[in-house]
Amino acid sequence: MQVLVLNSGSSSIKYRLFDDGRGGDSPHGVGDGASVGTDTGGGALVLLARGLVERIGESTSTAAQTVVAADGTATEDVEDGIAIADHAAGFRWIVDRLEGSGLADDLGAIGHRVVHGGEEFSAPTVIDDAVIARIQAQIPLAPLHNPANLTGIEVARELRPDLTNVAVFDTAFHANLPAAAYRYAVPEQLLTEQGVRRYGFHGTSHAYVARQAAAALGRAEEECRLVTLHLGNGASAAAVDGGRSVETSMGLSPLEGLVMGTRSGDLDPAVIFHLLREAGMTPDEVERVLNRESGLLGLCGDNDLRTIEDRAAAGDAAAQLALDVYVHRIRKYLGAYAAVLGRLDAVVFTAGVGENSDTLRAAICADLEVLGVRLDPARNDGVRASTAPGGVAAVHADDSEVAVLVVATDEEREIAEQTLRALRALRA
Ligand code: AMP
């Protein structure tokens with residue numbers, strides 16, 4: 001059976017098509033070993049195609065699909081300057097294109113990434129009208145994300161009513177945070193009436209890389225205490241104890257925590273009152289500044305870490321400061337999470353920056369003997385998770401008490417796995 005994974009944004013739809021390939025031979029290096037410890041009820045999921053429809057609703061849109069053949073060769077097909085008026089047209093393009101490539105002939109389910117599940121959802125959930133209403137009820141908590149995710153769900157249900165749709169929530173892995181970690185120190189009424197608490201995000205990625213890390217350590221997940229660092233354009237840290245998230249850096253929304261590409265991460269909440277009162281900004285303007293114009297971009301004018309690293313290497317002071325603030329914040333969280341866990345078995349780097357930037361990993365792990373972390377520069381240099389065998393590389397020194405692992409995340413594969421799990425539970 002095939003599973004289509006959709007990640008619907010406000011003007012884009014990212015997708016991947018997997019086959020549950022029971023015992024099948026995946027053409028992928030990373031994917032093959034990557035389902036260790038997962039319960040697909042069959043072999044590793046095989047990636048058949050991936051694609052992206054962009055600039056939906058603009059005068060011209062772009063859509064691209066890459067088909068992955070059984071021998072691993074990838075063929076990309078790009079259509080530029082086409083008209084894709086809305087998400088329904090985008091979904092139709094995807095299904096037409098998959099069918100035109102001789103794929104999607106055994107489609108059984110669609111897994112949807114949904115950013116915010118609030119307190120309602122702690123597991124992948126088969127979608128019906130009642131579930132849609134419950135996801136809609138989370139919109140006030142995630143006004144920037146959930147509406148687009150819902151549009152993708154509604155379009156898929158309308159155009160392919162024959163398929164089972166499953167929602168997989170970014171918050172779900174953190175749903176069992178202890179109260180000491182999820183409560184903000186505010187009156188209880190704000191929690192009970194407004195849902196003001198820490199939820200955490202990137203859960204699909206943290207869950208996936210934590211499982212891969214335990215497998216790479218050769219230990220059961222239940223025995224591992226890990227700090228997972230998802231460092232992409234969005235960034236978050238999680239403390240994972242025995243396969244469960246016990247603390248994480250994002251909060252009510254993805255704005256809290258680490259310095260990100262364009263998000264500020266932690267700041268004194270009084271900054272917001274100051275901007276409202278003294279700068280005369282509206283709440284929407286403050287929200288935009290903190291979400292879209294801050295972080296690395298706000299510090300140095302760029303949010304692509306490669307560009308910032310190049311600028312810093314050429315002596316650009318603002319770029320160097322941006323890197324310093326970014327690294328300092330991560331190190332603070334690493335120390336805090338080591339204290340939360342009480343013991344640290346591994347630090348796990350993932351996502352665009354974590355998987356690819358040896359210099360950032362080295363800066364984050366520098367002089368961390370206090371935590372028992374010692375990187376091996378020769379092992380770390382040039383390592384990229386995507387080219388490491390099985391998508392995992394160990395970059396710590398032999399005498400390091402704590403492992404340092406670079407792990408390729410694969411949120412779409414995890415969503416497909418969870419979708420199949422929800423489907424099997426439905427049929428059981
Ligand atoms: P993601 O959101 O996971 O796609 O990550 C995007 C971030 O990863 C951007 O800031 C990129 O600059 C960064 N990134 C991707 N490749 C590299 C690389 N080779 N070195 C440094 N940063 C990278």
# chains A, B, ... in the order shown; residues from 1 in each chain; ligands from 1

call {"tool": "residues_near_ligand", "arguments": {"ligand": "ligand 1", "cutoff": "12 Å", "atoms": "only C-alpha atoms and all ligand atoms", "output": "PDB file with N, CA, C and O atoms, in the first residue's frame"}}
result
ATOM      1  N   HIS A 202       8.149  20.395  16.375  1.00  0.00           N
ATOM      2  CA  HIS A 202       9.183  19.560  15.739  1.00  0.00           C
ATOM      3  C   HIS A 202       9.169  18.154  16.346  1.00  0.00           C
ATOM      4  O   HIS A 202      10.174  17.433  16.282  1.00  0.00           O
ATOM      5  N   SER A 205      10.232  15.147  14.245  1.00  0.00           N
ATOM      6  CA  SER A 205      11.667  15.051  14.012  1.00  0.00           C
ATOM      7  C   SER A 205      12.399  14.583  15.275  1.00  0.00           C
ATOM      8  O   SER A 205      13.248  13.681  15.225  1.00  0.00           O
ATOM      9  N   LEU A 229      18.928  18.125  19.085  1.00  0.00           N
ATOM     10  CA  LEU A 229      18.986  19.522  18.638  1.00  0.00           C
ATOM     11  C   LEU A 229      18.546  19.567  17.176  1.00  0.00           C
ATOM     12  O   LEU A 229      19.301  19.140  16.290  1.00  0.00           O
ATOM     13  N   HIS A 230      17.325  20.021  16.945  1.00  0.00           N
ATOM     14  CA  HIS A 230      16.822  20.180  15.576  1.00  0.00           C
ATOM     15  C   HIS A 230      17.159  21.605  15.153  1.00  0.00           C
ATOM     16  O   HIS A 230      16.509  22.564  15.575  1.00  0.00           O
ATOM     17  N   LEU A 231      18.232  21.737  14.361  1.00  0.00           N
ATOM     18  CA  LEU A 231      18.728  23.066  13.999  1.00  0.00           C
ATOM     19  C   LEU A 231      18.528  23.283  12.508  1.00  0.00           C
ATOM     20  O   LEU A 231      19.386  22.954  11.681  1.00  0.00           O
ATOM     21  N   GLY A 232      17.371  23.802  12.148  1.00  0.00           N
ATOM     22  CA  GLY A 232      17.096  24.146  10.752  1.00  0.00           C
ATOM     23  C   GLY A 232      16.757  25.615  10.697  1.00  0.00           C
ATOM     24  O   GLY A 232      17.225  26.394  11.525  1.00  0.00           O
ATOM     25  N   ASN A 233      15.933  26.004   9.745  1.00  0.00           N
ATOM     26  CA  ASN A 233      15.502  27.393   9.730  1.00  0.00           C
ATOM     27  C   ASN A 233      14.667  27.671  10.981  1.00  0.00           C
ATOM     28  O   ASN A 233      14.813  28.680  11.651  1.00  0.00           O
ATOM     29  N   GLY A 234      13.780  26.726  11.332  1.00  0.00           N
ATOM     30  CA  GLY A 234      13.203  26.685  12.679  1.00  0.00           C
ATOM     31  C   GLY A 234      14.129  25.826  13.519  1.00  0.00           C
ATOM     32  O   GLY A 234      14.795  24.937  12.982  1.00  0.00           O
ATOM     33  N   ALA A 235      14.212  26.086  14.815  1.00  0.00           N
ATOM     34  CA  ALA A 235      15.157  25.307  15.626  1.00  0.00           C
ATOM     35  C   ALA A 235      14.566  25.049  17.004  1.00  0.00           C
ATOM     36  O   ALA A 235      13.908  25.920  17.576  1.00  0.00           O
ATOM     37  N   SER A 236      14.809  23.826  17.496  1.00  0.00           N
ATOM     38  CA  SER A 236      14.361  23.523  18.855  1.00  0.00           C
ATOM     39  C   SER A 236      15.224  22.429  19.445  1.00  0.00           C
ATOM     40  O   SER A 236      15.858  21.656  18.723  1.00  0.00           O
ATOM     41  N   VAL A 259      17.572  30.597  19.061  1.00  0.00           N
ATOM     42  CA  VAL A 259      17.616  31.587  17.978  1.00  0.00           C
ATOM     43  C   VAL A 259      17.370  30.827  16.671  1.00  0.00           C
ATOM     44  O   VAL A 259      17.968  29.780  16.442  1.00  0.00           O
ATOM     45  N   MET A 260      16.487  31.338  15.828  1.00  0.00           N
ATOM     46  CA  MET A 260      16.163  30.634  14.575  1.00  0.00           C
ATOM     47  C   MET A 260      16.504  31.510  13.383  1.00  0.00           C
ATOM     48  O   MET A 260      17.062  32.599  13.540  1.00  0.00           O
ATOM     49  N   GLY A 261      16.173  31.050  12.195  1.00  0.00           N
ATOM     50  CA  GLY A 261      16.481  31.821  10.997  1.00  0.00           C
ATOM     51  C   GLY A 261      15.885  33.218  11.064  1.00  0.00           C
ATOM     52  O   GLY A 261      16.596  34.225  10.898  1.00  0.00           O
ATOM     53  N   THR A 262      14.587  33.281  11.356  1.00  0.00           N
ATOM     54  CA  THR A 262      13.923  34.597  11.413  1.00  0.00           C
ATOM     55  C   THR A 262      13.143  34.809  12.714  1.00  0.00           C
ATOM     56  O   THR A 262      12.515  35.841  12.886  1.00  0.00           O
ATOM     57  N   GLY A 295      15.738  36.740  14.865  1.00  0.00           N
ATOM     58  CA  GLY A 295      16.656  35.608  14.753  1.00  0.00           C
ATOM     59  C   GLY A 295      17.939  36.023  14.035  1.00  0.00           C
ATOM     60  O   GLY A 295      18.411  37.160  14.151  1.00  0.00           O
ATOM     61  N   LEU A 296      18.501  35.096  13.279  1.00  0.00           N
ATOM     62  CA  LEU A 296      19.741  35.375  12.544  1.00  0.00           C
ATOM     63  C   LEU A 296      19.537  36.544  11.587  1.00  0.00           C
ATOM     64  O   LEU A 296      20.409  37.408  11.444  1.00  0.00           O
ATOM     65  N   LEU A 297      18.369  36.580  10.953  1.00  0.00           N
ATOM     66  CA  LEU A 297      18.086  37.670  10.000  1.00  0.00           C
ATOM     67  C   LEU A 297      18.144  39.021  10.695  1.00  0.00           C
ATOM     68  O   LEU A 297      18.744  39.981  10.193  1.00  0.00           O
ATOM     69  N   ASP A 302      20.941  38.251   7.281  1.00  0.00           N
ATOM     70  CA  ASP A 302      20.827  37.001   6.506  1.00  0.00           C
ATOM     71  C   ASP A 302      20.262  35.928   7.415  1.00  0.00           C
ATOM     72  O   ASP A 302      20.527  35.938   8.620  1.00  0.00           O
ATOM     73  N   ASN A 303      19.512  34.994   6.838  1.00  0.00           N
ATOM     74  CA  ASN A 303      19.059  33.880   7.673  1.00  0.00           C
ATOM     75  C   ASN A 303      19.562  32.530   7.174  1.00  0.00           C
ATOM     76  O   ASN A 303      19.360  31.518   7.829  1.00  0.00           O
ATOM     77  N   ASP A 304      20.250  32.515   6.041  1.00  0.00           N
ATOM     78  CA  ASP A 304      20.825  31.264   5.549  1.00  0.00           C
ATOM     79  C   ASP A 304      22.188  31.082   6.218  1.00  0.00           C
ATOM     80  O   ASP A 304      23.090  31.907   6.041  1.00  0.00           O
ATOM     81  N   LEU A 305      22.291  30.010   6.984  1.00  0.00           N
ATOM     82  CA  LEU A 305      23.500  29.860   7.791  1.00  0.00           C
ATOM     83  C   LEU A 305      24.773  29.723   6.964  1.00  0.00           C
ATOM     84  O   LEU A 305      25.845  30.142   7.391  1.00  0.00           O
ATOM     85  N   ARG A 306      24.640  29.172   5.767  1.00  0.00           N
ATOM     86  CA  ARG A 306      25.838  29.057   4.914  1.00  0.00           C
ATOM     87  C   ARG A 306      26.395  30.436   4.581  1.00  0.00           C
ATOM     88  O   ARG A 306      27.599  30.684   4.652  1.00  0.00           O
ATOM     89  N   THR A 307      25.465  31.348   4.214  1.00  0.00           N
ATOM     90  CA  THR A 307      25.883  32.717   3.877  1.00  0.00           C
ATOM     91  C   THR A 307      26.517  33.378   5.095  1.00  0.00           C
ATOM     92  O   THR A 307      27.539  34.068   4.984  1.00  0.00           O
ATOM     93  N   ILE A 308      25.904  33.167   6.259  1.00  0.00           N
ATOM     94  CA  ILE A 308      26.407  33.808   7.481  1.00  0.00           C
ATOM     95  C   ILE A 308      27.798  33.270   7.819  1.00  0.00           C
ATOM     96  O   ILE A 308      28.701  34.040   8.170  1.00  0.00           O
ATOM     97  N   GLU A 309      27.978  31.966   7.666  1.00  0.00           N
ATOM     98  CA  GLU A 309      29.305  31.387   7.936  1.00  0.00           C
ATOM     99  C   GLU A 309      30.344  31.962   6.980  1.00  0.00           C
ATOM    100  O   GLU A 309      31.464  32.291   7.391  1.00  0.00           O
ATOM    101  N   ASP A 310      29.976  32.116   5.710  1.00  0.00           N
ATOM    102  CA  ASP A 310      30.922  32.682   4.724  1.00  0.00           C
ATOM    103  C   ASP A 310      31.265  34.123   5.089  1.00  0.00           C
ATOM    104  O   ASP A 310      32.427  34.539   5.032  1.00  0.00           O
ATOM    105  N   LEU A 323      26.312  34.391  14.799  1.00  0.00           N
ATOM    106  CA  LEU A 323      26.720  33.008  15.114  1.00  0.00           C
ATOM    107  C   LEU A 323      26.967  32.843  16.608  1.00  0.00           C
ATOM    108  O   LEU A 323      26.577  31.837  17.208  1.00  0.00           O
ATOM    109  N   TYR A 326      23.659  32.681  18.439  1.00  0.00           N
ATOM    110  CA  TYR A 326      23.024  31.402  18.074  1.00  0.00           C
ATOM    111  C   TYR A 326      23.638  30.249  18.885  1.00  0.00           C
ATOM    112  O   TYR A 326      22.931  29.454  19.508  1.00  0.00           O
ATOM    113  N   PHE A 349      22.566  15.899  16.760  1.00  0.00           N
ATOM    114  CA  PHE A 349      22.399  17.038  15.860  1.00  0.00           C
ATOM    115  C   PHE A 349      21.576  16.625  14.646  1.00  0.00           C
ATOM    116  O   PHE A 349      21.875  15.606  14.008  1.00  0.00           O
ATOM    117  N   THR A 350      20.581  17.449  14.302  1.00  0.00           N
ATOM    118  CA  THR A 350      19.812  17.148  13.091  1.00  0.00           C
ATOM    119  C   THR A 350      19.308  18.424  12.432  1.00  0.00           C
ATOM    120  O   THR A 350      19.506  19.524  12.933  1.00  0.00           O
ATOM    121  N   ALA A 351      18.659  18.263  11.279  1.00  0.00           N
ATOM    122  CA  ALA A 351      18.101  19.327  10.409  1.00  0.00           C
ATOM    123  C   ALA A 351      19.238  20.073   9.695  1.00  0.00           C
ATOM    124  O   ALA A 351      20.424  19.792   9.940  1.00  0.00           O
ATOM    125  N   GLY A 352      18.873  21.019   8.818  1.00  0.00           N
ATOM    126  CA  GLY A 352      19.821  21.625   7.874  1.00  0.00           C
ATOM    127  C   GLY A 352      21.159  22.012   8.471  1.00  0.00           C
ATOM    128  O   GLY A 352      22.218  21.629   7.956  1.00  0.00           O
ATOM    129  N   VAL A 353      21.146  22.748   9.569  1.00  0.00           N
ATOM    130  CA  VAL A 353      22.396  23.196  10.181  1.00  0.00           C
ATOM    131  C   VAL A 353      23.076  22.042  10.924  1.00  0.00           C
ATOM    132  O   VAL A 353      24.270  21.778  10.744  1.00  0.00           O
ATOM    133  N   GLY A 354      22.310  21.352  11.758  1.00  0.00           N
ATOM    134  CA  GLY A 354      22.888  20.276  12.576  1.00  0.00           C
ATOM    135  C   GLY A 354      23.474  19.150  11.738  1.00  0.00           C
ATOM    136  O   GLY A 354      24.501  18.574  12.088  1.00  0.00           O
ATOM    137  N   GLU A 355      22.824  18.861  10.612  1.00  0.00           N
ATOM    138  CA  GLU A 355      23.281  17.747   9.778  1.00  0.00           C
ATOM    139  C   GLU A 355      24.482  18.110   8.919  1.00  0.00           C
ATOM    140  O   GLU A 355      25.226  17.221   8.490  1.00  0.00           O
ATOM    141  N   ASN A 356      24.636  19.414   8.646  1.00  0.00           N
ATOM    142  CA  ASN A 356      25.621  19.807   7.627  1.00  0.00           C
ATOM    143  C   ASN A 356      26.776  20.676   8.088  1.00  0.00           C
ATOM    144  O   ASN A 356      27.817  20.693   7.438  1.00  0.00           O
ATOM    145  N   SER A 357      26.595  21.435   9.157  1.00  0.00           N
ATOM    146  CA  SER A 357      27.641  22.403   9.492  1.00  0.00           C
ATOM    147  C   SER A 357      28.594  21.856  10.563  1.00  0.00           C
ATOM    148  O   SER A 357      28.288  21.881  11.765  1.00  0.00           O
ATOM    149  N   ASP A 358      29.763  21.402  10.112  1.00  0.00           N
ATOM    150  CA  ASP A 358      30.744  20.901  11.081  1.00  0.00           C
ATOM    151  C   ASP A 358      31.246  22.027  11.980  1.00  0.00           C
ATOM    152  O   ASP A 358      31.516  21.817  13.160  1.00  0.00           O
ATOM    153  N   THR A 359      31.340  23.245  11.444  1.00  0.00           N
ATOM    154  CA  THR A 359      31.873  24.346  12.265  1.00  0.00           C
ATOM    155  C   THR A 359      30.908  24.700  13.396  1.00  0.00           C
ATOM    156  O   THR A 359      31.323  24.971  14.520  1.00  0.00           O
ATOM    157  N   LEU A 360      29.603  24.694  13.084  1.00  0.00           N
ATOM    158  CA  LEU A 360      28.627  24.991  14.144  1.00  0.00           C
ATOM    159  C   LEU A 360      28.624  23.895  15.207  1.00  0.00           C
ATOM    160  O   LEU A 360      28.583  24.185  16.403  1.00  0.00           O
ATOM    161  N   ARG A 361      28.684  22.651  14.763  1.00  0.00           N
ATOM    162  CA  ARG A 361      28.729  21.548  15.752  1.00  0.00           C
ATOM    163  C   ARG A 361      29.956  21.691  16.638  1.00  0.00           C
ATOM    164  O   ARG A 361      29.882  21.504  17.859  1.00  0.00           O
ATOM    165  N   ASP A 381      34.822  16.820  10.997  1.00  0.00           N
ATOM    166  CA  ASP A 381      35.090  17.644   9.814  1.00  0.00           C
ATOM    167  C   ASP A 381      34.430  17.066   8.565  1.00  0.00           C
ATOM    168  O   ASP A 381      34.644  15.911   8.215  1.00  0.00           O
ATOM    169  N   GLY A 382      33.663  17.907   7.924  1.00  0.00           N
ATOM    170  CA  GLY A 382      33.091  17.528   6.627  1.00  0.00           C
ATOM    171  C   GLY A 382      31.932  16.554   6.703  1.00  0.00           C
ATOM    172  O   GLY A 382      31.382  16.168   5.670  1.00  0.00           O
ATOM    173  N   VAL A 383      31.535  16.151   7.919  1.00  0.00           N
ATOM    174  CA  VAL A 383      30.457  15.144   8.002  1.00  0.00           C
ATOM    175  C   VAL A 383      29.107  15.752   7.651  1.00  0.00           C
ATOM    176  O   VAL A 383      28.747  16.825   8.135  1.00  0.00           O
ATOM    177  N   ARG A 384      28.396  15.068   6.800  1.00  0.00           N
ATOM    178  CA  ARG A 384      27.004  15.412   6.481  1.00  0.00           C
ATOM    179  C   ARG A 384      26.155  14.173   6.711  1.00  0.00           C
ATOM    180  O   ARG A 384      26.510  13.091   6.225  1.00  0.00           O
ATOM    181  N   ALA A 385      25.049  14.368   7.423  1.00  0.00           N
ATOM    182  CA  ALA A 385      24.228  13.207   7.773  1.00  0.00           C
ATOM    183  C   ALA A 385      23.726  12.487   6.530  1.00  0.00           C
ATOM    184  O   ALA A 385      23.628  11.263   6.506  1.00  0.00           O
ATOM    185  N   SER A 386      23.415  13.258   5.470  1.00  0.00           N
ATOM    186  CA  SER A 386      22.772  12.631   4.310  1.00  0.00           C
ATOM    187  C   SER A 386      23.695  11.657   3.597  1.00  0.00           C
ATOM    188  O   SER A 386      23.228  10.752   2.916  1.00  0.00           O
ATOM    189  N   THR A 387      25.009  11.826   3.765  1.00  0.00           N
ATOM    190  CA  THR A 387      25.914  10.895   3.084  1.00  0.00           C
ATOM    191  C   THR A 387      26.520   9.870   4.043  1.00  0.00           C
ATOM    192  O   THR A 387      27.301   9.021   3.630  1.00  0.00           O
ATOM    193  N   VAL A 407      22.479  12.994  12.860  1.00  0.00           N
ATOM    194  CA  VAL A 407      21.440  12.085  12.359  1.00  0.00           C
ATOM    195  C   VAL A 407      20.569  12.802  11.330  1.00  0.00           C
ATOM    196  O   VAL A 407      20.072  13.906  11.580  1.00  0.00           O
ATOM    197  N   ALA A 408      20.394  12.175  10.187  1.00  0.00           N
ATOM    198  CA  ALA A 408      19.506  12.745   9.162  1.00  0.00           C
ATOM    199  C   ALA A 408      18.066  12.584   9.605  1.00  0.00           C
ATOM    200  O   ALA A 408      17.614  11.472   9.865  1.00  0.00           O
ATOM    201  N   THR A 409      17.367  13.693   9.732  1.00  0.00           N
ATOM    202  CA  THR A 409      15.960  13.574  10.104  1.00  0.00           C
ATOM    203  C   THR A 409      15.138  13.252   8.858  1.00  0.00           C
ATOM    204  O   THR A 409      15.591  13.450   7.726  1.00  0.00           O
ATOM    205  N   ASP A 410      13.965  12.709   9.064  1.00  0.00           N
ATOM    206  CA  ASP A 410      13.077  12.406   7.935  1.00  0.00           C
ATOM    207  C   ASP A 410      11.648  12.466   8.451  1.00  0.00           C
ATOM    208  O   ASP A 410      11.034  11.446   8.756  1.00  0.00           O
ATOM    209  N   GLU A 411      11.160  13.702   8.573  1.00  0.00           N
ATOM    210  CA  GLU A 411       9.839  13.893   9.162  1.00  0.00           C
ATOM    211  C   GLU A 411       8.746  13.241   8.319  1.00  0.00           C
ATOM    212  O   GLU A 411       7.788  12.696   8.848  1.00  0.00           O
TER     213      GLU A 411
END

call {"tool": "residues_around", "arguments": {"residues": "Ile272 of chain A", "least_positions_apart": "5", "cutoff": "10 Å", "atoms": "only C-alpha atoms", "output": "mmCIF file with C-alpha atoms, in the first residue's frame"}}
result
data_model
loop_
_atom_site.group_PDB
_atom_site.id
_atom_site.type_symbol
_atom_site.label_atom_id
_atom_site.label_comp_id
_atom_site.auth_asym_id
_atom_site.auth_seq_id
_atom_site.Cartn_x
_atom_site.Cartn_y
_atom_site.Cartn_z
ATOM 1 C CA LEU A 267 13.158 37.129 25.062
ATOM 2 C CA ARG A 277 3.451 51.058 24.093
ATOM 3 C CA GLU A 278 6.634 52.883 23.189
ATOM 4 C CA ALA A 279 7.046 52.050 19.505
ATOM 5 C CA MET A 281 3.355 48.860 17.034
ATOM 6 C CA PRO A 283 0.118 43.147 17.951
ATOM 7 C CA VAL A 286 5.114 42.739 16.821
ATOM 8 C CA GLU A 287 4.220 39.179 15.835
ATOM 9 C CA LEU A 290 9.509 38.475 16.160
#

call {"tool": "select_by_dssp", "arguments": {"residues": "segment 32-160 of chain A", "states": "strand (DSSP E or B)", "output": "VMD selection string"}}
result
chain A and resid 46 to 54 61 to 68 74 to 82 107 to 114 125 to 126

call {"tool": "select_by_dssp", "arguments": {"residues": "segment 140-276 of chain A", "states": "helix (DSSP H, G or I)", "output": "PyMOL selection string"}}
result
chain A and resi 140-141+146-159+172-174+179-182+188-194+203-217+221-223+270-276

call {"tool": "atom_distance", "arguments": {"atom1": "atom CA of Val115 of chain A", "atom2": "atom CA of Val168 of chain A"}}
result
8.3 Å
